[in-house]
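Undergrad: Got a structure for you, protein.cif, holding mmCIF, C-alpha atoms and all ligand atoms.
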```cif
data_start
loop_
_atom_site.label_atom_id
_atom_site.label_comp_id
_atom_site.auth_asym_id
_atom_site.auth_seq_id
_atom_site.Cartn_x
_atom_site.Cartn_y
_atom_site.Cartn_z
CA MET X 1 8.26 27.99 13.46
CA ALA X 2 8.41 24.40 14.61
CA PRO X 3 5.21 22.85 15.95
CA GLN X 4 5.00 23.00 19.72
CA PRO X 5 4.69 19.54 21.20
CA THR X 6 2.18 19.34 24.00
CA VAL X 7 2.67 15.67 24.78
CA THR X 8 5.78 13.67 24.20
CA ASP X 9 5.88 10.07 25.05
CA GLY X 10 8.03 7.34 23.57
CA SER X 11 7.09 6.98 19.95
CA CYS X 12 4.45 9.71 19.83
CA VAL X 13 4.45 13.47 19.95
CA VAL X 14 1.11 15.21 20.05
CA PRO X 15 1.69 18.66 18.57
CA GLU X 16 -0.14 21.78 19.50
CA TRP X 17 -0.41 22.68 15.86
CA TYR X 18 1.00 22.27 12.37
CA PRO X 19 4.12 23.68 10.75
CA SER X 20 3.59 27.32 9.85
CA GLY X 21 4.82 26.68 6.29
CA TRP X 22 1.63 24.90 5.37
CA ARG X 23 -0.56 27.61 6.87
CA LEU X 24 1.19 30.14 4.64
CA VAL X 25 0.66 28.01 1.56
CA ARG X 26 -3.01 27.59 2.37
CA ALA X 27 -3.59 31.20 3.42
CA GLY X 28 -6.77 32.65 1.99
CA ARG X 29 -7.96 29.43 0.40
CA GLY X 30 -10.56 28.15 2.76
CA PRO X 31 -13.18 29.52 5.03
CA GLY X 32 -10.94 28.77 7.97
CA SER X 33 -7.72 30.18 6.60
CA SER X 34 -8.39 33.87 6.45
CA GLY X 35 -6.76 35.04 9.65
CA ALA X 36 -4.52 34.20 12.55
CA SER X 37 -7.40 33.44 14.87
CA THR X 38 -8.83 30.80 12.54
CA ASP X 39 -5.41 29.15 12.08
CA ARG X 40 -5.92 27.70 15.50
CA PRO X 41 -9.09 26.00 16.59
CA SER X 42 -11.44 28.36 18.33
CA ALA X 43 -11.71 27.93 22.07
CA LYS X 44 -15.10 26.35 21.52
CA LEU X 45 -13.78 23.86 18.98
CA ALA X 46 -10.87 23.04 21.25
CA LEU X 47 -13.38 22.26 23.95
CA MET X 48 -15.39 20.16 21.51
CA THR X 49 -12.25 18.22 20.61
CA GLU X 50 -11.83 17.48 24.27
CA ALA X 51 -15.51 16.77 24.75
CA ALA X 52 -15.77 14.52 21.70
CA ALA X 53 -13.27 12.18 23.24
CA THR X 54 -15.57 11.63 26.15
CA THR X 55 -19.18 12.26 25.13
CA ALA X 56 -19.17 10.58 21.71
CA ARG X 57 -17.73 7.45 23.21
CA SER X 58 -20.12 4.57 23.56
CA SER X 59 -20.17 2.76 26.83
CA ASN X 60 -18.61 -0.48 25.56
CA LEU X 61 -15.47 1.30 24.38
CA PRO X 62 -12.51 2.14 26.61
CA ASP X 63 -12.25 5.52 28.28
CA LYS X 64 -9.34 7.07 26.35
CA PRO X 65 -8.95 9.75 23.66
CA ARG X 66 -10.09 8.43 20.30
CA ILE X 67 -7.66 8.03 17.44
CA PHE X 68 -8.44 7.06 13.83
CA SER X 69 -6.28 5.78 11.01
CA GLY X 70 -7.06 4.35 7.58
CA ILE X 71 -4.87 1.71 5.97
CA GLN X 72 -4.81 0.84 2.28
CA PRO X 73 -5.53 -2.83 1.56
CA THR X 74 -2.22 -3.41 -0.19
CA GLY X 75 -1.94 -7.07 0.78
CA ARG X 76 0.97 -8.50 2.72
CA PRO X 77 3.07 -5.76 4.32
CA HIS X 78 6.81 -5.26 3.90
CA LEU X 79 9.44 -4.32 6.46
CA GLY X 80 8.92 -0.59 5.82
CA ASN X 81 5.20 -0.90 6.54
CA ASP X 82 5.87 -2.62 9.85
CA LEU X 83 8.69 -0.42 11.14
CA GLY X 84 7.20 2.74 9.66
CA ALA X 85 3.54 2.29 10.53
CA ILE X 86 2.21 -0.95 12.00
CA ARG X 87 4.41 -0.92 15.11
CA ASN X 88 3.04 2.51 15.87
CA TYR X 89 -0.53 1.32 15.38
CA VAL X 90 0.08 -1.38 17.95
CA ALA X 91 1.69 1.05 20.43
CA LEU X 92 -1.09 3.61 19.94
CA SER X 93 -3.83 1.06 20.54
CA GLU X 94 -2.47 0.59 24.06
CA LYS X 95 -2.72 4.26 24.83
CA TYR X 96 -5.73 5.48 22.86
CA GLU X 97 -9.14 4.23 21.89
CA ALA X 98 -7.95 3.25 18.43
CA ILE X 99 -10.15 2.83 15.36
CA TYR X 100 -8.30 1.29 12.41
CA CYS X 101 -10.03 1.03 9.08
CA ILE X 102 -8.93 -0.89 6.00
CA VAL X 103 -9.91 1.59 3.32
CA ASP X 104 -11.31 -0.49 0.49
CA TYR X 105 -13.50 2.37 -0.83
CA HIS X 106 -10.35 4.45 -1.26
CA ALA X 107 -8.59 1.51 -2.92
CA LEU X 108 -11.29 1.40 -5.62
CA THR X 109 -9.73 4.53 -7.11
CA HIS X 110 -6.90 2.34 -8.37
CA VAL X 111 -7.75 -1.34 -7.80
CA HIS X 112 -10.43 -2.50 -10.22
CA ASN X 113 -10.24 -6.26 -9.86
CA PRO X 114 -12.83 -7.50 -7.32
CA GLU X 115 -10.90 -10.66 -6.47
CA VAL X 116 -7.69 -8.73 -5.90
CA LEU X 117 -9.44 -6.18 -3.69
CA ARG X 118 -11.15 -8.87 -1.60
CA ARG X 119 -7.93 -10.86 -1.18
CA GLN X 120 -5.75 -7.86 -0.36
CA THR X 121 -8.27 -6.58 2.17
CA LEU X 122 -8.20 -9.90 4.03
CA GLU X 123 -4.40 -10.11 3.72
CA MET X 124 -3.99 -6.69 5.28
CA ALA X 125 -6.38 -7.55 8.10
CA ALA X 126 -4.59 -10.84 8.81
CA ALA X 127 -1.20 -9.13 8.66
CA LEU X 128 -2.20 -6.37 11.06
CA ILE X 129 -3.44 -8.89 13.60
CA ALA X 130 -0.42 -11.14 13.08
CA LEU X 131 1.91 -8.19 13.62
CA GLY X 132 0.37 -7.37 16.97
CA LEU X 133 -2.90 -5.46 16.60
CA ASP X 134 -5.26 -6.95 19.13
CA PRO X 135 -8.87 -6.67 17.85
CA ASP X 136 -10.04 -6.67 21.48
CA LYS X 137 -7.98 -3.54 22.20
CA CYS X 138 -8.96 -1.58 19.10
CA SER X 139 -11.74 -1.48 16.51
CA LEU X 140 -10.37 -2.99 13.32
CA PHE X 141 -12.84 -2.99 10.45
CA VAL X 142 -13.27 -2.67 6.70
CA GLN X 143 -14.36 0.78 5.49
CA SER X 144 -17.22 -0.49 3.29
CA ASP X 145 -18.71 -2.36 6.25
CA ARG X 146 -19.77 1.04 7.62
CA PRO X 147 -21.35 2.59 4.50
CA GLU X 148 -22.52 5.64 6.49
CA VAL X 149 -19.18 7.11 5.52
CA THR X 150 -20.21 7.40 1.86
CA GLU X 151 -23.25 9.46 2.85
CA LEU X 152 -21.11 11.74 4.99
CA CYS X 153 -18.64 12.03 2.14
CA TRP X 154 -21.41 13.20 -0.19
CA LEU X 155 -22.60 15.74 2.38
CA PHE X 156 -19.03 17.00 2.82
CA ASN X 157 -18.71 17.28 -0.98
CA THR X 158 -21.35 19.97 -0.85
CA VAL X 159 -19.25 22.17 1.46
CA THR X 160 -15.90 21.54 -0.27
CA PRO X 161 -14.83 23.88 -3.09
CA VAL X 162 -13.52 21.95 -6.10
CA GLY X 163 -10.45 24.21 -6.17
CA TRP X 164 -9.24 22.89 -2.82
CA LEU X 165 -9.28 19.35 -4.16
CA GLN X 166 -7.71 20.21 -7.50
CA ARG X 167 -4.81 21.90 -5.73
CA THR X 168 -4.06 18.92 -3.49
CA PRO X 169 -0.53 17.64 -4.20
CA THR X 170 -1.63 14.00 -3.85
CA TYR X 171 -4.35 14.50 -6.48
CA LYS X 172 -1.76 15.86 -8.91
CA GLU X 173 0.53 12.95 -8.07
CA LYS X 174 -2.19 10.34 -8.50
CA ARG X 175 -3.26 11.86 -11.82
CA ALA X 176 0.31 11.63 -13.02
CA ASN X 177 0.61 8.01 -11.80
CA GLN X 178 -2.53 6.82 -13.59
CA PRO X 179 -3.16 9.20 -16.51
CA GLU X 180 -5.44 6.64 -18.19
CA ASP X 181 -7.70 6.45 -15.15
CA VAL X 182 -8.29 9.91 -13.66
CA ASN X 183 -11.56 8.92 -12.03
CA HIS X 184 -13.64 11.24 -9.87
CA GLY X 185 -12.74 9.20 -6.79
CA LEU X 186 -9.18 10.51 -7.02
CA LEU X 187 -10.46 14.06 -6.68
CA THR X 188 -12.87 13.26 -3.84
CA TYR X 189 -10.34 11.05 -2.04
CA PRO X 190 -9.54 13.64 0.68
CA VAL X 191 -13.25 14.31 1.30
CA LEU X 192 -13.74 10.62 2.03
CA GLN X 193 -10.72 10.78 4.32
CA ALA X 194 -12.25 13.66 6.25
CA ALA X 195 -15.57 11.79 6.51
CA ASP X 196 -13.73 8.70 7.75
CA ILE X 197 -12.15 10.55 10.63
CA VAL X 198 -15.08 12.57 11.88
CA LEU X 199 -17.81 9.98 11.34
CA TYR X 200 -16.38 8.34 14.45
CA LYS X 201 -15.78 11.73 16.12
CA ALA X 202 -12.10 10.88 16.35
CA SER X 203 -10.13 13.84 17.61
CA LEU X 204 -6.66 12.48 16.85
CA VAL X 205 -5.00 11.08 13.75
CA PRO X 206 -1.56 9.44 13.80
CA ILE X 207 0.56 10.72 10.93
CA GLY X 208 4.16 11.24 9.93
CA ARG X 209 5.28 14.87 9.80
CA ASP X 210 5.31 14.81 6.00
CA GLN X 211 1.60 13.99 6.00
CA ALA X 212 0.51 17.13 7.87
CA PRO X 213 -0.92 18.73 4.69
CA HIS X 214 -3.33 15.80 4.19
CA LEU X 215 -4.79 16.31 7.61
CA GLU X 216 -4.94 20.07 7.12
CA LEU X 217 -7.36 19.59 4.22
CA SER X 218 -9.59 17.39 6.43
CA ARG X 219 -9.53 20.16 8.99
CA GLU X 220 -10.54 22.73 6.39
CA ILE X 221 -13.45 20.58 5.26
CA VAL X 222 -14.58 20.21 8.88
CA ARG X 223 -14.24 23.97 9.39
CA ALA X 224 -16.30 24.59 6.23
CA PHE X 225 -19.05 22.31 7.53
CA ASN X 226 -19.01 23.85 11.00
CA ALA X 227 -19.08 27.36 9.50
CA ARG X 228 -22.19 26.58 7.45
CA TYR X 229 -24.16 24.34 9.78
CA GLY X 230 -22.89 25.15 13.27
CA GLU X 231 -20.15 23.55 15.27
CA THR X 232 -20.73 19.85 14.85
CA PHE X 233 -17.32 18.25 14.54
CA PRO X 234 -14.08 18.70 16.43
CA GLU X 235 -11.19 19.49 14.11
CA PRO X 236 -9.01 16.40 14.03
CA GLN X 237 -5.51 16.92 15.36
CA ALA X 238 -2.29 15.13 14.53
CA VAL X 239 -0.47 12.68 16.72
CA TYR X 240 2.95 12.82 15.14
CA THR X 241 4.52 9.40 15.19
CA GLU X 242 8.28 9.04 15.08
CA ALA X 243 9.03 6.29 12.60
CA PRO X 244 12.12 5.43 10.59
CA VAL X 245 12.04 5.64 6.81
CA VAL X 246 13.18 2.21 5.69
CA LEU X 247 15.22 2.09 2.51
CA GLY X 248 14.58 -0.69 0.02
CA THR X 249 16.90 -3.49 -1.01
CA ASP X 250 18.45 -1.10 -3.55
CA GLY X 251 19.73 0.96 -0.59
CA VAL X 252 18.65 4.20 -2.27
CA LYS X 253 14.89 4.52 -2.51
CA LYS X 254 12.25 4.17 0.18
CA MET X 255 11.10 0.56 0.43
CA SER X 256 7.87 0.33 -1.53
CA LYS X 257 5.72 -2.26 -3.24
CA SER X 258 5.43 -0.09 -6.31
CA ILE X 259 9.21 -0.07 -6.75
CA GLY X 260 9.63 -3.77 -5.96
CA ASN X 261 12.52 -3.24 -3.53
CA THR X 262 10.81 -4.82 -0.53
CA ILE X 263 11.54 -7.39 2.15
CA GLU X 264 8.31 -9.31 2.60
CA ILE X 265 8.36 -10.04 6.29
CA LEU X 266 5.53 -12.59 6.23
CA ALA X 267 6.79 -14.49 3.19
CA GLU X 268 8.46 -17.91 3.30
CA PRO X 269 11.97 -17.83 4.84
CA ASP X 270 13.61 -18.58 1.48
CA VAL X 271 11.96 -15.56 -0.11
CA ILE X 272 13.22 -13.37 2.73
CA ARG X 273 16.75 -14.83 2.42
CA LYS X 274 16.78 -14.09 -1.29
CA GLN X 275 15.54 -10.53 -0.80
CA VAL X 276 18.03 -9.76 1.98
CA MET X 277 20.95 -11.31 0.08
CA SER X 278 20.11 -9.05 -2.87
CA MET X 279 20.53 -5.92 -0.74
CA VAL X 280 22.99 -3.27 -1.84
CA THR X 281 25.55 -2.56 0.90
CA ASP X 282 28.30 0.09 1.14
CA THR X 283 29.16 0.59 -2.54
CA GLN X 284 32.71 1.71 -1.67
CA ARG X 285 33.51 -1.59 0.01
CA ILE X 286 34.81 -3.59 -2.96
CA LEU X 287 37.19 -6.13 -1.40
CA ARG X 288 36.41 -8.30 1.60
CA SER X 289 39.41 -6.66 3.33
CA ASP X 290 38.12 -3.09 2.72
CA PRO X 291 36.78 -1.41 5.87
CA GLY X 292 33.00 -0.88 5.70
CA ARG X 293 30.98 2.24 6.60
CA PRO X 294 28.05 1.07 8.72
CA GLU X 295 26.55 4.54 8.84
CA VAL X 296 25.84 4.43 5.08
CA CYS X 297 25.28 0.68 4.75
CA ASN X 298 21.55 -0.14 4.63
CA VAL X 299 22.13 -3.69 5.91
CA CYS X 300 23.97 -2.36 8.97
CA GLN X 301 21.24 0.21 9.57
CA MET X 302 18.55 -2.47 9.48
CA HIS X 303 20.41 -4.45 12.12
CA ARG X 304 19.43 -1.66 14.56
CA HIS X 305 15.92 -3.08 14.59
CA PHE X 306 16.86 -6.71 15.12
CA GLY X 307 19.21 -6.93 18.07
CA ALA X 308 20.78 -4.88 20.83
CA ASP X 309 24.24 -5.93 19.58
CA TYR X 310 24.08 -3.91 16.37
CA ARG X 311 27.05 -1.75 17.39
CA GLU X 312 29.23 -4.87 17.58
CA ILE X 313 28.02 -5.83 14.12
CA TRP X 314 28.93 -2.35 12.89
CA GLU X 315 32.36 -2.67 14.47
CA GLY X 316 32.90 -5.96 12.62
CA GLU X 317 32.14 -4.19 9.34
CA ARG X 318 34.24 -1.17 10.15
CA THR X 319 37.30 -3.30 10.90
CA ALA X 320 36.59 -5.75 8.04
CA ARG X 321 36.46 -8.57 10.60
CA THR X 322 33.17 -9.53 8.97
CA GLY X 323 32.18 -9.32 5.32
CA CYS X 324 28.97 -7.95 3.80
CA VAL X 325 27.74 -11.47 3.04
CA ASP X 326 28.09 -12.51 6.73
CA THR X 327 26.22 -9.41 7.84
CA LYS X 328 23.43 -10.01 5.34
CA LYS X 329 23.07 -13.69 6.28
CA LEU X 330 22.78 -12.71 9.93
CA LEU X 331 20.18 -10.06 9.11
CA ALA X 332 18.10 -12.50 7.05
CA GLU X 333 18.08 -15.07 9.84
CA ARG X 334 17.17 -12.44 12.43
CA ILE X 335 14.30 -11.09 10.33
CA ILE X 336 13.03 -14.63 9.71
CA ALA X 337 13.22 -15.48 13.44
CA HIS X 338 11.70 -12.17 14.54
CA TYR X 339 8.66 -12.57 12.31
CA ALA X 340 8.26 -16.36 12.73
CA PRO X 341 5.35 -16.13 15.23
CA ALA X 342 3.64 -13.47 13.09
CA ARG X 343 4.09 -15.66 10.01
CA GLU X 344 2.35 -18.55 11.80
CA THR X 345 -0.55 -16.39 12.97
CA TYR X 346 -0.88 -14.89 9.50
CA ARG X 347 -1.03 -18.34 7.91
CA ALA X 348 -3.62 -19.55 10.41
CA LEU X 349 -5.83 -16.49 9.84
CA MET X 350 -5.61 -16.72 6.06
CA ALA X 351 -6.54 -20.40 6.30
CA ASP X 352 -9.70 -19.43 8.21
CA PRO X 353 -11.32 -16.55 6.31
CA LEU X 354 -14.59 -16.97 8.20
CA ARG X 355 -12.85 -16.26 11.49
CA LEU X 356 -11.14 -13.27 9.96
CA ARG X 357 -14.44 -11.96 8.59
CA ARG X 358 -16.02 -12.41 12.03
CA ILE X 359 -13.29 -10.31 13.64
CA LEU X 360 -13.78 -7.57 11.05
CA ASP X 361 -17.58 -7.72 11.37
CA GLU X 362 -17.27 -7.34 15.13
CA GLY X 363 -15.05 -4.29 14.64
CA ALA X 364 -17.60 -2.67 12.31
CA GLU X 365 -20.45 -3.53 14.66
CA ARG X 366 -18.70 -2.06 17.67
CA ILE X 367 -18.48 1.39 16.09
CA ARG X 368 -21.94 1.33 14.52
CA PRO X 369 -23.61 3.35 17.31
CA ILE X 370 -21.06 6.15 16.90
CA ALA X 371 -21.52 6.31 13.11
CA GLN X 372 -25.31 6.25 13.36
CA ALA X 373 -25.42 8.93 16.05
CA THR X 374 -23.19 11.19 13.95
CA MET X 375 -25.36 10.73 10.87
CA THR X 376 -28.57 11.49 12.77
CA GLU X 377 -27.03 14.72 14.03
CA VAL X 378 -25.66 15.71 10.62
CA ARG X 379 -28.88 15.01 8.72
CA GLU X 380 -30.81 17.11 11.19
CA ARG X 381 -28.36 20.01 10.96
CA MET X 382 -28.47 19.96 7.16
CA GLY X 383 -32.26 19.87 6.89
CA LEU X 384 -32.52 16.30 5.66
CA ARG X 385 -34.85 15.23 8.43
P1 LIG H 401 3.42 0.46 0.13
O1 LIG H 401 2.60 0.94 -1.04
O2 LIG H 401 4.87 0.34 -0.18
O3 LIG H 401 2.87 -0.74 0.82
P2 LIG H 401 2.05 2.50 1.59
O4 LIG H 401 2.27 3.78 0.85
O5 LIG H 401 0.73 1.78 1.40
O6 LIG H 401 3.29 1.57 1.24
O7 LIG H 401 2.28 2.80 3.13
C1 LIG H 401 1.56 2.19 4.20
C2 LIG H 401 2.15 2.72 5.49
O8 LIG H 401 3.49 2.24 5.64
C3 LIG H 401 2.26 4.24 5.55
O9 LIG H 401 1.99 4.68 6.88
C4 LIG H 401 3.69 4.54 5.20
O10 LIG H 401 4.18 5.73 5.79
C5 LIG H 401 4.42 3.33 5.77
N1 LIG H 401 5.58 3.01 4.94
C6 LIG H 401 5.55 2.53 3.67
N2 LIG H 401 6.79 2.34 3.21
C7 LIG H 401 7.65 2.72 4.19
C8 LIG H 401 9.06 2.76 4.33
N3 LIG H 401 9.85 2.36 3.35
N4 LIG H 401 9.60 3.22 5.49
C9 LIG H 401 8.79 3.63 6.50
N5 LIG H 401 7.44 3.62 6.44
C10 LIG H 401 6.86 3.16 5.31
#
```
Go ahead and express the file in the form of structure tokens.
TA:
Amino acid sequence: MAPQPTVTDGSCVVPEWYPSGWRLVRAGRGPGSSGASTDRPSAKLALMTEAAATTARSSNLPDKPRIFSGIQPTGRPHLGNDLGAIRNYVALSEKYEAIYCIVDYHALTHVHNPEVLRRQTLEMAAALIALGLDPDKCSLFVQSDRPEVTELCWLFNTVTPVGWLQRTPTYKEKRANQPEDVNHGLLTYPVLQAADIVLYKASLVPIGRDQAPHLELSREIVRAFNARYGETFPEPQAVYTEAPVVLGTDGVKKMSKSIGNTIEILAEPDVIRKQVMSMVTDTQRILRSDPGRPEVCNVCQMHRHFGADYREIWEGERTARTGCVDTKKLLAERIIAHYAPARETYRALMADPLRLRRILDEGAERIRPIAQATMTEVRERMGLR
């Protein structure tokens, strides 16, 4: 059964619920997965979700539903990050009360060099702002600047069965990726994610459809807490974002830093030219006079995002009026021109780390009352005060 969208608007679809496939996989595992009625939020929790968007909001924040997303501090973003995620963050911050967190605590599970972590955290912050996130329209902050989340994570650990975490596909994947460093943080990673979302009483989380299982575990942890200590948190719900999957310069795999097939949109123009010129095009087009197949050519597909005339460009390829090299050169120049203002802003921010830190500090300060109110409530419910 496909999820039933309740809101559809431009880039975002807010679903009523998750794909049934996942519910079947999880059936019987958690306190909230034992029957049909608990597959959906109870009427009370649904009301709380609604209410959380209004009552947990502090007066200096805009009057919109609250959305939360965490972003890994992976340094300067690539084209896939922008088209696949950052553009959506910007769009969502217009419509929702958006809280965006650069998750340096999470990054510690695999980044162990303090200088690298510090630099990449600032690079990600500068890049997000340069690519359009307006810190006045959202709360952009660094996870460790609101350490309340580590306390909530510990408290959530005590309601989360180890088996749930051990069965998480991402845990298995991460273990396989770093067999020499299977630290406890990898196991607890989803608990910290759950704490991140609900500490700020966010009711909505923007995710791609493939990420629904991650959010489902957060929901189960919240259900486990509510079942033991009374209904405290709304179960976070997904805002499904429609985003393209951008293939890398190899034309086969998803663009990713770990594979090294990226186009670094904020890099110097010459770096971008080199990366774009290295792109694999239609492998069946051998001679300049061979007709191209724009529908399978990654360069042609990328042109969709950089000009309304992409169909004309495709036609040129199809009729061999233009060659792959021409099409790549044009793409490189368009990417360079498109990101030129962002590149300037990024440079200026990186040259002024104090200003950047101030912006991030302001973001963390703005959400402090929400985090503190949540922790007071939670401590009381758990018998800590
Ligand atoms: P990377 O490690 O390559 O920087 P991440 O896994 O940290 O990528 O992803 C950060 C965000 O960017 C995620 O929301 C992810 O879905 C999105 N993203 C990453 N690569 C791509 C891609 N090639 N196409 C579309 N979205 C992408």
Undergrad: In Å, with one decimal, what is the gap from CA of Lys174 (chain X) to CA of Thr188 (chain X)?
TA: 12.0 Å
Undergrad: Could you report the residues within 8 Å of ligand LIG 401 (chain H), using all atoms listed in the file, as a ChimeraX atom specification?
TA: /X:71-75,77-86,207-208,243-248,254-259,262
Undergrad: For the atom pair CA of Ala227 (chain X) and CA of Val159 (chain X), what is the interatomic distance in Å to one decimal place?
TA: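 Calculated distance between CA of Ala227 (chain X) and CA of Val159 (chain X) is 9.6 Å.
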Undergrad: So, with all atoms listed in the file as the atoms that count, which of X:Ile99, X:Leu384, X:Leu108, X:Val205 lies closest to Gly185 (chain X)?
TA: X:Leu108
Undergrad: For Phe306 (chain X), work out the shell of residues within 9 Å, counting only C-alpha atoms and skipping chain neighbours fewer than 6 positions away, then give it as a list in words.
TA: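 So, after excluding close chain neighbours, the residues are Leu331, Arg334, Ile335 and His338 of chain X.
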Undergrad: Kindly save the residues from that selection, with C-alpha atoms included, as a CSV table (one decimal), in the frame of the given file.
TA:
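result_22.csv, freshly written:
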```csv
chain,number,residue,atom,x,y,z
X,331,LEU,CA,20.2,-10.1,9.1
X,334,ARG,CA,17.2,-12.4,12.4
X,335,ILE,CA,14.3,-11.1,10.3
X,338,HIS,CA,11.7,-12.2,14.5
```
Undergrad: Rounded to one decimal place, report the CA of Leu349 (chain X)-CA of Val90 (chain X) distance in Å.
TA: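 It comes out at 18.1 Å.
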Undergrad: Of the candidates X:Gln275, X:Gln143, X:Thr168, X:Thr283, which one gets nearest to Pro213 (chain X) if we count all atoms listed in the file?
TA: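 Counting all atoms listed in the file, the residue closest to Pro213 (chain X) is X:Thr168.
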Undergrad: Of the residues X:Ile67, X:Gly230, X:Ile359, X:Pro206, which is the one nearest to Pro135 (chain X), using all atoms listed in the file?
TA: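 Of the candidates, the smallest distance to Pro135 (chain X) is held by X:Ile359.
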Undergrad: Would you mind completing region 136-154 of chain X to N, CA and C atoms and writing the output as a short mmCIF file (atom, residue, chain, number, x, y, z; two decimals), in the frame of the given file?
TA:
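Heads up, here's the output in result.cif:
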```cif
data_model
loop_
_atom_site.label_atom_id
_atom_site.label_comp_id
_atom_site.auth_asym_id
_atom_site.auth_seq_id
_atom_site.Cartn_x
_atom_site.Cartn_y
_atom_site.Cartn_z
N ASP X 136 -9.29 -6.96 20.25
CA ASP X 136 -10.04 -6.67 21.48
C ASP X 136 -9.62 -5.32 22.07
N LYS X 137 -8.45 -4.82 21.64
CA LYS X 137 -7.98 -3.54 22.20
C LYS X 137 -8.20 -2.38 21.25
N CYS X 138 -8.68 -2.67 20.03
CA CYS X 138 -8.96 -1.58 19.10
C CYS X 138 -10.15 -2.01 18.25
N SER X 139 -10.69 -1.09 17.45
CA SER X 139 -11.74 -1.48 16.51
C SER X 139 -11.10 -1.56 15.15
N LEU X 140 -10.94 -2.77 14.65
CA LEU X 140 -10.37 -2.99 13.32
C LEU X 140 -11.51 -3.42 12.41
N PHE X 141 -11.70 -2.66 11.32
CA PHE X 141 -12.84 -2.99 10.45
C PHE X 141 -12.53 -2.58 9.02
N VAL X 142 -13.42 -3.01 8.11
CA VAL X 142 -13.27 -2.67 6.70
C VAL X 142 -14.19 -1.48 6.40
N GLN X 143 -13.64 -0.48 5.74
CA GLN X 143 -14.36 0.78 5.49
C GLN X 143 -15.77 0.56 4.93
N SER X 144 -15.91 -0.33 3.94
CA SER X 144 -17.22 -0.49 3.29
C SER X 144 -18.21 -1.22 4.18
N ASP X 145 -17.76 -1.76 5.31
CA ASP X 145 -18.71 -2.36 6.25
C ASP X 145 -19.46 -1.32 7.07
N ARG X 146 -19.03 -0.06 6.98
CA ARG X 146 -19.77 1.04 7.62
C ARG X 146 -20.10 2.05 6.53
N PRO X 147 -21.09 1.74 5.68
CA PRO X 147 -21.35 2.59 4.50
C PRO X 147 -21.85 3.99 4.83
N GLU X 148 -22.13 4.27 6.12
CA GLU X 148 -22.52 5.64 6.49
C GLU X 148 -21.48 6.65 6.00
N VAL X 149 -20.26 6.18 5.88
CA VAL X 149 -19.18 7.11 5.52
C VAL X 149 -19.37 7.66 4.11
N THR X 150 -20.01 6.89 3.22
CA THR X 150 -20.21 7.40 1.86
C THR X 150 -21.25 8.51 1.86
N GLU X 151 -22.24 8.39 2.75
CA GLU X 151 -23.25 9.46 2.85
C GLU X 151 -22.58 10.73 3.38
N LEU X 152 -21.77 10.55 4.43
CA LEU X 152 -21.11 11.74 4.99
C LEU X 152 -20.17 12.36 3.96
N CYS X 153 -19.53 11.53 3.18
CA CYS X 153 -18.64 12.03 2.14
C CYS X 153 -19.42 12.89 1.15
N TRP X 154 -20.59 12.41 0.74
CA TRP X 154 -21.41 13.20 -0.19
C TRP X 154 -21.79 14.55 0.44
#
```
